[in-house]
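Colleague: Here it is: the structure, laid out below.
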Amino acid sequence: MKAVYFAWVRERIGRAEEEITPPAHVANVADLISWLSEKGEEYAYAFEKPQVIRVAIDRTHVKHDTPIHQAREIAFFPPMTGG
Amino acid sequence: MKAVYFAWVRERIGRAEEEITPPAHVANVADLISWLSEKGEEYAYAFEKPQVIRVAIDRTHVKHDTPIHQAREIAFFPPMTGG
Amino acid sequence: MTQQAKISIQQETFDLAQEMQSLAQGRADVGAIVTFTGLCRDENAALSALELEHYPGMAEEEIARVVSQAQARWPLLGVTVIHRYGRMAPGDQIVLVITASSHRLAAFESAEFLMDYLKTRAPFWKKEHRSDGTSGDWVSAKDHDDHAAARWEQI
Amino acid sequence: MTQQAKISIQQETFDLAQEMQSLAQGRADVGAIVTFTGLCRDENAALSALELEHYPGMAEEEIARVVSQAQARWPLLGVTVIHRYGRMAPGDQIVLVITASSHRLAAFESAEFLMDYLKTRAPFWKKEHRSDGTSGDWVSAKDHDDHAAARWEQI
């Protein structure tokens, strides 16, 4: 699946998007955040407070307990500050 | 004092303004409405439901129990429908 | 805080873009501008015009009082109120309220407050002229307008 | 009831007067139009610019969802939402919401609802660039924005 990052999540990770292939035991959004956090220091930094991270699957807001197995694009970003 | 009339109060009375000289026992707005109502059929018609008549003394909204002895201009009109 | 206000009772129409510009141009402290435009409405094609009667002098003074109340209640950086009188055709603009503030809640609330109070306190009256040529009625005041105004007393 | 809506995510600025005209011109059923304009604010002269990042695709879709909710909830005759992205200087326009209805309460409430939901749901993020040349911070989301959005759940 494709992972995309925005705002300071993007800045901390150092990239805007990438292909990821999480193992089968990574079932939901929370699992995926834990798994990503272990990919390196920059990921650990971006996800140091998982509870503030907002997530969208295929361009729709989801909660951290949402299953990810059907996701094509999963986005990680801070709380929105538009408007 | 000067009496001024607006909207259907003006239409019913048939004039926009006039000088009035109420007697001394006409103390407040309610008294004045009663006194005006007896000036003729057109006044009786305009003031047939005194409770719906709004009043301003010297361009400030007042209640029916407000004294009138210091009024220079007293206005009678229906509830406002601007905006 | 600059307590800027423009109040105009006028026969001619108004230009919202121009009014907004004169309120906000060259300022960097305004974060939110809310405008309300009231139009002459004719849902059933039965109306040829609305005639707006007003109490000259008192209309300006009463609106100034309402504007002062809004300025005392919200941190406003600018307020504009324009109310027209005379004859309006369906689709014509009747009233304009603009409020500017640092933040959106103050701009929204004060604009709503101003409109609720204008409806119930500003000395204007609407008479309908029907498209079949007959003279229509004076528009009746609505209870829900009084209720809308009353809710600001409770907050 | 025509459920007309215009949604645009764009880099260039917008023209409020033109947007209002294309919403209401030639119509006699619209009685009330509310507009909200959000501007790039700089109270302390410390800001040189705001950088607005967005999630292309999702921004449009999420705003469309919010607009549909507003249309389901209020009898709207027209809705326009324009949200800019890119670099804005202090005083520049960032966001525009316009709602048109027969009556003022629907126009006011729906515009406020749209802004509250845009703030908390539309995927946009603001980064400050300071006038002293240093890179500023990402603007933090505000609790009171979440509360503002949450109040619509209770009504």
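Just so we're on the same page: first chain in the structure tokens is A, next is B, and so on; residues restart at 1 for each chain, and ligands are numbered from 1 in the order they show up.
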What does chain A look like once superposed on chain B, all Cα atoms paired in sequence order, least squares? Give it as a compact mmCIF listing (two decimals) with C-alpha atoms, in the first residue's frame.

Modeller:
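Ended up saving to superposed.txt:
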# COMPACT_ATOMS: atom_id res chain seq x y z
CA MET A 1 -45.85 67.76 21.59
CA LYS A 2 -45.47 66.33 18.13
CA ALA A 3 -47.11 62.97 17.36
CA VAL A 4 -45.75 60.96 14.41
CA TYR A 5 -47.26 57.84 12.88
CA PHE A 6 -45.76 55.10 10.72
CA ALA A 7 -46.85 52.20 8.50
CA TRP A 8 -50.46 51.09 9.01
CA VAL A 9 -50.90 53.37 12.03
CA ARG A 10 -50.17 56.29 9.67
CA GLU A 11 -52.44 54.87 6.96
CA ARG A 12 -55.36 54.33 9.36
CA ILE A 13 -55.08 57.77 10.94
CA GLY A 14 -54.61 59.34 7.53
CA ARG A 15 -51.73 61.59 8.46
CA ALA A 16 -48.00 61.26 9.16
CA GLU A 17 -47.71 63.78 11.99
CA GLU A 18 -49.56 66.42 13.96
CA GLU A 19 -49.25 68.61 17.01
CA ILE A 20 -51.18 67.30 20.01
CA THR A 21 -51.89 68.87 23.38
CA PRO A 22 -53.11 66.19 25.76
CA PRO A 23 -54.67 67.36 29.05
CA ALA A 24 -52.70 67.06 32.31
CA HIS A 25 -54.33 63.80 33.44
CA VAL A 26 -52.77 62.01 30.43
CA ALA A 27 -49.63 60.93 32.26
CA ASN A 28 -48.12 57.99 30.41
CA VAL A 29 -48.05 56.32 26.99
CA ALA A 30 -51.07 54.11 27.74
CA ASP A 31 -53.09 57.16 28.79
CA LEU A 32 -52.09 58.94 25.61
CA ILE A 33 -53.16 56.02 23.42
CA SER A 34 -56.59 55.97 25.15
CA TRP A 35 -56.94 59.72 24.74
CA LEU A 36 -55.95 59.59 21.05
CA SER A 37 -58.40 56.70 20.43
CA GLU A 38 -61.22 59.05 21.31
CA LYS A 39 -60.24 61.69 18.80
CA GLY A 40 -62.24 59.99 16.05
CA GLU A 41 -63.02 56.78 14.17
CA GLU A 42 -59.70 56.75 12.34
CA TYR A 43 -57.83 56.95 15.66
CA ALA A 44 -60.05 54.29 17.23
CA TYR A 45 -59.24 52.04 14.25
CA ALA A 46 -55.47 52.69 14.43
CA PHE A 47 -55.38 52.00 18.15
CA GLU A 48 -58.01 49.23 18.30
CA LYS A 49 -55.40 46.82 19.70
CA PRO A 50 -53.28 49.08 21.94
CA GLN A 51 -51.07 46.17 23.02
CA VAL A 52 -49.56 45.78 19.53
CA ILE A 53 -48.68 49.47 19.20
CA ARG A 54 -44.97 50.29 19.65
CA VAL A 55 -44.00 53.73 20.88
CA ALA A 56 -40.86 55.83 20.82
CA ILE A 57 -40.33 59.05 22.76
CA ASP A 58 -37.75 61.34 21.23
CA ARG A 59 -36.53 58.47 19.02
CA THR A 60 -36.06 55.92 21.80
CA HIS A 61 -38.26 52.85 22.28
CA VAL A 62 -40.40 53.10 25.42
CA LYS A 63 -42.97 50.93 27.18
CA HIS A 64 -46.62 51.86 27.66
CA ASP A 65 -46.09 52.81 31.30
CA THR A 66 -43.46 55.44 30.46
CA PRO A 67 -44.38 59.02 31.53
CA ILE A 68 -44.83 61.43 28.63
CA HIS A 69 -44.55 64.81 30.31
CA GLN A 70 -41.02 65.50 28.96
CA ALA A 71 -41.66 64.22 25.44
CA ARG A 72 -41.13 66.52 22.48
CA GLU A 73 -41.79 63.90 19.78
CA ILE A 74 -43.80 60.76 20.35
CA ALA A 75 -44.06 58.12 17.63
CA PHE A 76 -46.62 55.33 17.18
CA PHE A 77 -46.04 52.36 14.90
CA PRO A 78 -46.61 48.62 14.43
CA PRO A 79 -43.91 46.06 15.34
CA MET A 80 -40.87 46.58 13.13
CA THR A 81 -40.36 44.43 10.04
CA GLY A 82 -37.04 45.67 8.68
CA GLY A 83 -33.85 43.75 8.11

Colleague: Kindly assemble as JSON lines a list of the chain D residues that lie within 8 Å of chain A, each paired with its nearest atom pair and their distance in Å to one decimal, using only C-alpha atoms, sorted first by chain and then by ascending residue number.

Modeller:
{"residue": "D:Gly38", "atom": "CA", "partner": "A:Gly83", "partner_atom": "CA", "distance": 6.7}
{"residue": "D:Leu52", "atom": "CA", "partner": "A:Gly82", "partner_atom": "CA", "distance": 7.6}
{"residue": "D:Glu53", "atom": "CA", "partner": "A:Ala7", "partner_atom": "CA", "distance": 6.9}
{"residue": "D:His54", "atom": "CA", "partner": "A:Phe6", "partner_atom": "CA", "distance": 7.8}
{"residue": "D:Tyr55", "atom": "CA", "partner": "A:Phe6", "partner_atom": "CA", "distance": 7.5}
{"residue": "D:Gly57", "atom": "CA", "partner": "A:Arg59", "partner_atom": "CA", "distance": 7.4}
{"residue": "D:Met58", "atom": "CA", "partner": "A:Arg59", "partner_atom": "CA", "distance": 4.8}
{"residue": "D:Glu61", "atom": "CA", "partner": "A:Arg59", "partner_atom": "CA", "distance": 7.6}
{"residue": "D:Glu62", "atom": "CA", "partner": "A:Thr60", "partner_atom": "CA", "distance": 7.4}
{"residue": "D:His83", "atom": "CA", "partner": "A:Gly83", "partner_atom": "CA", "distance": 7.3}
{"residue": "D:Ile94", "atom": "CA", "partner": "A:Gly83", "partner_atom": "CA", "distance": 7.1}
{"residue": "D:Val95", "atom": "CA", "partner": "A:Gly83", "partner_atom": "CA", "distance": 5.8}
{"residue": "D:Met115", "atom": "CA", "partner": "A:Gly83", "partner_atom": "CA", "distance": 6.7}
{"residue": "D:Leu118", "atom": "CA", "partner": "A:Gly83", "partner_atom": "CA", "distance": 5.8}
{"residue": "D:Lys119", "atom": "CA", "partner": "A:Gly83", "partner_atom": "CA", "distance": 5.0}
{"residue": "D:Thr120", "atom": "CA", "partner": "A:Met80", "partner_atom": "CA", "distance": 5.7}
{"residue": "D:Arg121", "atom": "CA", "partner": "A:Met80", "partner_atom": "CA", "distance": 6.6}
{"residue": "D:Ala122", "atom": "CA", "partner": "A:Met80", "partner_atom": "CA", "distance": 6.7}
{"residue": "D:Pro123", "atom": "CA", "partner": "A:Met80", "partner_atom": "CA", "distance": 5.7}
{"residue": "D:Phe124", "atom": "CA", "partner": "A:Gly82", "partner_atom": "CA", "distance": 4.6}
{"residue": "D:Trp125", "atom": "CA", "partner": "A:Thr81", "partner_atom": "CA", "distance": 4.8}
{"residue": "D:Lys126", "atom": "CA", "partner": "A:Thr81", "partner_atom": "CA", "distance": 6.0}
{"residue": "D:Trp138", "atom": "CA", "partner": "A:Trp8", "partner_atom": "CA", "distance": 7.1}
{"residue": "D:Val139", "atom": "CA", "partner": "A:Thr81", "partner_atom": "CA", "distance": 6.7}
{"residue": "D:Ser140", "atom": "CA", "partner": "A:Thr81", "partner_atom": "CA", "distance": 6.9}
{"residue": "D:Ala141", "atom": "CA", "partner": "A:Thr81", "partner_atom": "CA", "distance": 5.5}

Colleague: If you take only C-alpha atoms and a cut-off of 8 Å, which residues of chain C touch chain D, and what are their nearest atom pairs and distances in Å to one decimal, in chain and number order, as JSON lines?

Modeller:
{"residue": "C:Leu16", "atom": "CA", "partner": "D:Ala17", "partner_atom": "CA", "distance": 6.9}
{"residue": "C:Ala17", "atom": "CA", "partner": "D:Ala17", "partner_atom": "CA", "distance": 5.5}
{"residue": "C:Gln25", "atom": "CA", "partner": "D:Gly91", "partner_atom": "CA", "distance": 7.7}
{"residue": "C:Gly26", "atom": "CA", "partner": "D:Gly91", "partner_atom": "CA", "distance": 6.9}
{"residue": "C:Arg27", "atom": "CA", "partner": "D:Gly91", "partner_atom": "CA", "distance": 6.1}
{"residue": "C:Ala28", "atom": "CA", "partner": "D:Gly91", "partner_atom": "CA", "distance": 4.7}
{"residue": "C:Asp29", "atom": "CA", "partner": "D:Glu43", "partner_atom": "CA", "distance": 5.0}
{"residue": "C:Val30", "atom": "CA", "partner": "D:Arg41", "partner_atom": "CA", "distance": 6.1}
{"residue": "C:Gly31", "atom": "CA", "partner": "D:Leu39", "partner_atom": "CA", "distance": 4.7}
{"residue": "C:Ala32", "atom": "CA", "partner": "D:Gly38", "partner_atom": "CA", "distance": 4.8}
{"residue": "C:Ile33", "atom": "CA", "partner": "D:Thr37", "partner_atom": "CA", "distance": 5.1}
{"residue": "C:Val34", "atom": "CA", "partner": "D:Phe36", "partner_atom": "CA", "distance": 4.6}
{"residue": "C:Thr35", "atom": "CA", "partner": "D:Thr35", "partner_atom": "CA", "distance": 5.1}
{"residue": "C:Phe36", "atom": "CA", "partner": "D:Val34", "partner_atom": "CA", "distance": 4.6}
{"residue": "C:Thr37", "atom": "CA", "partner": "D:Ile33", "partner_atom": "CA", "distance": 5.1}
{"residue": "C:Gly38", "atom": "CA", "partner": "D:Ala32", "partner_atom": "CA", "distance": 4.8}
{"residue": "C:Leu39", "atom": "CA", "partner": "D:Gly31", "partner_atom": "CA", "distance": 4.7}
{"residue": "C:Cys40", "atom": "CA", "partner": "D:Gly31", "partner_atom": "CA", "distance": 6.2}
{"residue": "C:Arg41", "atom": "CA", "partner": "D:Gly31", "partner_atom": "CA", "distance": 5.1}
{"residue": "C:Asp42", "atom": "CA", "partner": "D:Ala28", "partner_atom": "CA", "distance": 5.2}
{"residue": "C:Glu43", "atom": "CA", "partner": "D:Asp29", "partner_atom": "CA", "distance": 5.0}
{"residue": "C:Pro90", "atom": "CA", "partner": "D:Ala28", "partner_atom": "CA", "distance": 5.4}
{"residue": "C:Gly91", "atom": "CA", "partner": "D:Ala28", "partner_atom": "CA", "distance": 4.7}
{"residue": "C:Ser102", "atom": "CA", "partner": "D:Arg41", "partner_atom": "CA", "distance": 7.6}
{"residue": "C:Arg104", "atom": "CA", "partner": "D:Gly38", "partner_atom": "CA", "distance": 7.9}
{"residue": "C:Phe108", "atom": "CA", "partner": "D:Glu112", "partner_atom": "CA", "distance": 7.1}
{"residue": "C:Glu112", "atom": "CA", "partner": "D:Phe108", "partner_atom": "CA", "distance": 7.1}

Colleague: Generate the output file for the selected residues, N, CA, C and O atoms, as a tab-separated table (two decimals), in the first residue's frame.

Modeller:
chain	number	residue	atom	x	y	z
C	16	LEU	N	-21.26	45.32	-1.79
C	16	LEU	CA	-20.64	44.54	-0.72
C	16	LEU	C	-19.11	44.54	-0.83
C	16	LEU	O	-18.41	44.72	0.17
C	17	ALA	N	-18.60	44.34	-2.04
C	17	ALA	CA	-17.15	44.24	-2.23
C	17	ALA	C	-16.46	45.52	-1.77
C	17	ALA	O	-15.44	45.49	-1.08
C	25	GLN	N	-9.13	46.62	4.17
C	25	GLN	CA	-7.93	46.81	3.35
C	25	GLN	C	-6.74	47.36	4.14
C	25	GLN	O	-6.89	48.29	4.93
C	26	GLY	N	-5.59	46.78	3.89
C	26	GLY	CA	-4.36	47.25	4.51
C	26	GLY	C	-4.23	46.86	5.97
C	26	GLY	O	-3.35	47.36	6.66
C	27	ARG	N	-5.10	45.98	6.44
C	27	ARG	CA	-5.02	45.56	7.84
C	27	ARG	C	-4.55	44.12	7.91
C	27	ARG	O	-4.96	43.29	7.12
C	28	ALA	N	-3.75	43.80	8.91
C	28	ALA	CA	-3.31	42.42	9.07
C	28	ALA	C	-3.81	41.84	10.39
C	28	ALA	O	-3.47	40.74	10.76
C	29	ASP	N	-4.66	42.61	11.10
C	29	ASP	CA	-5.17	42.11	12.38
C	29	ASP	C	-6.52	41.43	12.24
C	29	ASP	O	-6.96	40.72	13.14
C	30	VAL	N	-7.18	41.62	11.09
C	30	VAL	CA	-8.48	41.00	10.86
C	30	VAL	C	-8.28	39.57	10.38
C	30	VAL	O	-7.59	39.33	9.39
C	31	GLY	N	-8.86	38.62	11.09
C	31	GLY	CA	-8.75	37.21	10.69
C	31	GLY	C	-10.03	36.66	10.11
C	31	GLY	O	-10.02	35.64	9.43
C	32	ALA	N	-11.15	37.33	10.39
C	32	ALA	CA	-12.45	36.79	10.01
C	32	ALA	C	-13.42	37.92	9.68
C	32	ALA	O	-13.55	38.87	10.45
C	33	ILE	N	-14.07	37.80	8.54
C	33	ILE	CA	-15.09	38.77	8.17
C	33	ILE	C	-16.37	38.00	7.82
C	33	ILE	O	-16.35	37.10	6.97
C	34	VAL	N	-17.45	38.36	8.48
C	34	VAL	CA	-18.76	37.77	8.17
C	34	VAL	C	-19.63	38.86	7.57
C	34	VAL	O	-19.64	40.00	8.05
C	35	THR	N	-20.33	38.51	6.49
C	35	THR	CA	-21.29	39.46	5.91
C	35	THR	C	-22.66	38.81	5.87
C	35	THR	O	-22.78	37.60	5.66
C	36	PHE	N	-23.68	39.62	6.08
C	36	PHE	CA	-25.06	39.18	5.88
C	36	PHE	C	-25.70	40.12	4.89
C	36	PHE	O	-25.67	41.34	5.06
C	37	THR	N	-26.29	39.57	3.85
C	37	THR	CA	-27.04	40.37	2.88
C	37	THR	C	-28.49	39.88	2.89
C	37	THR	O	-28.75	38.70	2.70
C	38	GLY	N	-29.41	40.80	3.15
C	38	GLY	CA	-30.83	40.47	3.09
C	38	GLY	C	-31.40	40.96	1.77
C	38	GLY	O	-31.13	42.09	1.35
C	39	LEU	N	-32.14	40.08	1.11
C	39	LEU	CA	-32.65	40.39	-0.23
C	39	LEU	C	-34.17	40.41	-0.24
C	39	LEU	O	-34.82	39.74	0.58
C	40	CYS	N	-34.73	41.11	-1.20
C	40	CYS	CA	-36.17	41.13	-1.41
C	40	CYS	C	-36.57	39.82	-2.07
C	40	CYS	O	-36.16	39.52	-3.18
C	41	ARG	N	-37.36	39.03	-1.37
C	41	ARG	CA	-37.63	37.66	-1.78
C	41	ARG	C	-39.05	37.56	-2.32
C	41	ARG	O	-39.97	38.22	-1.86
C	42	ASP	N	-39.24	36.71	-3.31
C	42	ASP	CA	-40.57	36.53	-3.89
C	42	ASP	C	-40.69	35.10	-4.35
C	42	ASP	O	-40.46	34.77	-5.52
C	43	GLU	N	-41.08	34.22	-3.45
C	43	GLU	CA	-41.09	32.80	-3.78
C	43	GLU	C	-42.18	32.42	-4.78
C	43	GLU	O	-42.00	31.55	-5.60
C	90	PRO	N	-38.11	42.29	-6.40
C	90	PRO	CA	-37.58	40.97	-6.01
C	90	PRO	C	-36.15	40.79	-6.49
C	90	PRO	O	-35.83	41.13	-7.64
C	91	GLY	N	-35.30	40.28	-5.62
C	91	GLY	CA	-33.89	40.10	-5.95
C	91	GLY	C	-33.02	41.25	-5.49
C	91	GLY	O	-31.80	41.11	-5.39
C	102	SER	N	-10.72	39.34	15.00
C	102	SER	CA	-9.55	38.47	14.88
C	102	SER	C	-9.99	37.03	14.64
C	102	SER	O	-9.35	36.29	13.90
C	104	ARG	N	-13.19	33.89	14.25
C	104	ARG	CA	-14.45	33.73	13.54
C	104	ARG	C	-15.67	33.73	14.44
C	104	ARG	O	-16.74	34.20	14.02
C	108	PHE	N	-19.05	35.83	13.61
C	108	PHE	CA	-20.34	35.18	13.36
C	108	PHE	C	-21.40	35.62	14.36
C	108	PHE	O	-22.50	36.02	14.00
C	112	GLU	N	-24.91	37.87	13.69
C	112	GLU	CA	-26.23	37.30	13.96
C	112	GLU	C	-27.00	38.16	14.97
C	112	GLU	O	-28.20	38.43	14.81

Colleague: Where in range 2-153 of chain D does DSSP assign helix (DSSP H, G or I), given as a PyMOL selection string?

Modeller: chain D and resi 16-24+58-73+104-121+143-153

Colleague: Where in range 4-80 of chain B does DSSP assign strand (DSSP E or B), given as a list of chain:residue names?

Modeller: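 Taking range 4-80 of chain B and keeping strand (DSSP E or B) only, one gets B:Val4, B:Tyr5, B:Glu17, B:Glu18, B:Glu19, B:Asn28, B:Arg54, B:Val55, B:Ala56, B:Ile57, B:Thr60, B:His61, B:Val62, B:Pro67, B:Glu73, B:Ile74, B:Ala75, B:Phe76, B:Phe77.
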
Colleague: Write a file of the just-selected residues containing N, CA, C and O atoms, as a PDB file, in the first residue's frame.

Modeller:
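Below is the file again_29.pdb, written as the result:
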ATOM      1  N   VAL B   4     -46.052  61.432  15.772  1.00  0.00           N
ATOM      2  CA  VAL B   4     -45.753  60.948  14.423  1.00  0.00           C
ATOM      3  C   VAL B   4     -46.204  59.499  14.300  1.00  0.00           C
ATOM      4  O   VAL B   4     -46.171  58.734  15.279  1.00  0.00           O
ATOM      5  N   TYR B   5     -46.658  59.149  13.116  1.00  0.00           N
ATOM      6  CA  TYR B   5     -47.260  57.837  12.879  1.00  0.00           C
ATOM      7  C   TYR B   5     -46.577  57.173  11.699  1.00  0.00           C
ATOM      8  O   TYR B   5     -46.234  57.826  10.711  1.00  0.00           O
ATOM      9  N   GLU B  17     -48.086  63.124  10.735  1.00  0.00           N
ATOM     10  CA  GLU B  17     -47.715  63.773  11.990  1.00  0.00           C
ATOM     11  C   GLU B  17     -48.693  64.898  12.293  1.00  0.00           C
ATOM     12  O   GLU B  17     -49.432  65.373  11.422  1.00  0.00           O
ATOM     13  N   GLU B  18     -48.695  65.313  13.552  1.00  0.00           N
ATOM     14  CA  GLU B  18     -49.567  66.424  13.967  1.00  0.00           C
ATOM     15  C   GLU B  18     -49.116  66.889  15.348  1.00  0.00           C
ATOM     16  O   GLU B  18     -48.431  66.166  16.079  1.00  0.00           O
ATOM     17  N   GLU B  19     -49.485  68.116  15.670  1.00  0.00           N
ATOM     18  CA  GLU B  19     -49.254  68.624  17.023  1.00  0.00           C
ATOM     19  C   GLU B  19     -50.415  68.186  17.905  1.00  0.00           C
ATOM     20  O   GLU B  19     -51.581  68.318  17.501  1.00  0.00           O
ATOM     21  N   ASN B  28     -49.074  58.900  31.038  1.00  0.00           N
ATOM     22  CA  ASN B  28     -48.110  57.999  30.400  1.00  0.00           C
ATOM     23  C   ASN B  28     -48.563  57.583  29.003  1.00  0.00           C
ATOM     24  O   ASN B  28     -49.614  58.042  28.510  1.00  0.00           O
ATOM     25  N   ARG B  54     -46.296  49.952  19.088  1.00  0.00           N
ATOM     26  CA  ARG B  54     -44.988  50.283  19.644  1.00  0.00           C
ATOM     27  C   ARG B  54     -44.854  51.800  19.689  1.00  0.00           C
ATOM     28  O   ARG B  54     -45.386  52.495  18.812  1.00  0.00           O
ATOM     29  N   VAL B  55     -44.118  52.283  20.681  1.00  0.00           N
ATOM     30  CA  VAL B  55     -44.026  53.725  20.897  1.00  0.00           C
ATOM     31  C   VAL B  55     -42.568  54.128  21.117  1.00  0.00           C
ATOM     32  O   VAL B  55     -41.802  53.397  21.762  1.00  0.00           O
ATOM     33  N   ALA B  56     -42.196  55.263  20.536  1.00  0.00           N
ATOM     34  CA  ALA B  56     -40.876  55.835  20.808  1.00  0.00           C
ATOM     35  C   ALA B  56     -41.063  57.277  21.278  1.00  0.00           C
ATOM     36  O   ALA B  56     -41.879  58.013  20.710  1.00  0.00           O
ATOM     37  N   ILE B  57     -40.363  57.640  22.321  1.00  0.00           N
ATOM     38  CA  ILE B  57     -40.344  59.038  22.756  1.00  0.00           C
ATOM     39  C   ILE B  57     -38.976  59.617  22.421  1.00  0.00           C
ATOM     40  O   ILE B  57     -37.937  59.045  22.804  1.00  0.00           O
ATOM     41  N   THR B  60     -36.511  57.069  21.017  1.00  0.00           N
ATOM     42  CA  THR B  60     -36.063  55.926  21.807  1.00  0.00           C
ATOM     43  C   THR B  60     -37.278  55.066  22.147  1.00  0.00           C
ATOM     44  O   THR B  60     -38.304  55.597  22.581  1.00  0.00           O
ATOM     45  N   HIS B  61     -37.141  53.742  21.938  1.00  0.00           N
ATOM     46  CA  HIS B  61     -38.258  52.855  22.284  1.00  0.00           C
ATOM     47  C   HIS B  61     -38.631  53.005  23.749  1.00  0.00           C
ATOM     48  O   HIS B  61     -37.753  53.075  24.616  1.00  0.00           O
ATOM     49  N   VAL B  62     -39.933  53.044  24.027  1.00  0.00           N
ATOM     50  CA  VAL B  62     -40.396  53.094  25.422  1.00  0.00           C
ATOM     51  C   VAL B  62     -41.547  52.106  25.607  1.00  0.00           C
ATOM     52  O   VAL B  62     -42.158  51.650  24.633  1.00  0.00           O
ATOM     53  N   PRO B  67     -43.780  57.677  31.451  1.00  0.00           N
ATOM     54  CA  PRO B  67     -44.377  59.022  31.530  1.00  0.00           C
ATOM     55  C   PRO B  67     -44.076  59.819  30.254  1.00  0.00           C
ATOM     56  O   PRO B  67     -43.005  59.655  29.654  1.00  0.00           O
ATOM     57  N   GLU B  73     -41.264  64.635  20.943  1.00  0.00           N
ATOM     58  CA  GLU B  73     -41.794  63.905  19.780  1.00  0.00           C
ATOM     59  C   GLU B  73     -42.157  62.491  20.225  1.00  0.00           C
ATOM     60  O   GLU B  73     -41.332  61.795  20.820  1.00  0.00           O
ATOM     61  N   ILE B  74     -43.389  62.101  19.964  1.00  0.00           N
ATOM     62  CA  ILE B  74     -43.808  60.752  20.353  1.00  0.00           C
ATOM     63  C   ILE B  74     -44.326  60.028  19.116  1.00  0.00           C
ATOM     64  O   ILE B  74     -45.150  60.555  18.372  1.00  0.00           O
ATOM     65  N   ALA B  75     -43.771  58.833  18.872  1.00  0.00           N
ATOM     66  CA  ALA B  75     -44.060  58.107  17.630  1.00  0.00           C
ATOM     67  C   ALA B  75     -44.831  56.824  17.928  1.00  0.00           C
ATOM     68  O   ALA B  75     -44.548  56.140  18.916  1.00  0.00           O
ATOM     69  N   PHE B  76     -45.794  56.520  17.053  1.00  0.00           N
ATOM     70  CA  PHE B  76     -46.625  55.316  17.184  1.00  0.00           C
ATOM     71  C   PHE B  76     -46.484  54.496  15.908  1.00  0.00           C
ATOM     72  O   PHE B  76     -46.594  55.039  14.814  1.00  0.00           O
ATOM     73  N   PHE B  77     -46.252  53.192  16.095  1.00  0.00           N
ATOM     74  CA  PHE B  77     -46.056  52.356  14.903  1.00  0.00           C
ATOM     75  C   PHE B  77     -46.283  50.886  15.232  1.00  0.00           C
ATOM     76  O   PHE B  77     -46.260  50.498  16.408  1.00  0.00           O
TER      77      PHE B  77
END

Colleague: Leaving out Arg84 in chain D and any residue of its chain fewer than 2 positions from it, which residues lie within 6 Å of it when counting only C-alpha atoms, given as number ranges by chain?

Modeller: D: 9-11, 94

Colleague: Rounded to one decimal in Å, what is the spacing between CA of Gln4 in chain C and CA of Gly78 in chain C?

Modeller: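 Value for the CA of Gln4 in chain C-CA of Gly78 in chain C distance: 4.9 Å.
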
Colleague: Just to confirm, what's the straight-line distance from CA of His129 in chain C to CA of Arg87 in chain C in Å (one decimal)?

Modeller: 9.5 Å

Colleague: Rounded to one decimal in Å, what is the spacing between CA of Arg65 in chain D and CA of Ala150 in chain D?

Modeller: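 Between CA of Arg65 in chain D and CA of Ala150 in chain D the gap works out to 16.5 Å.
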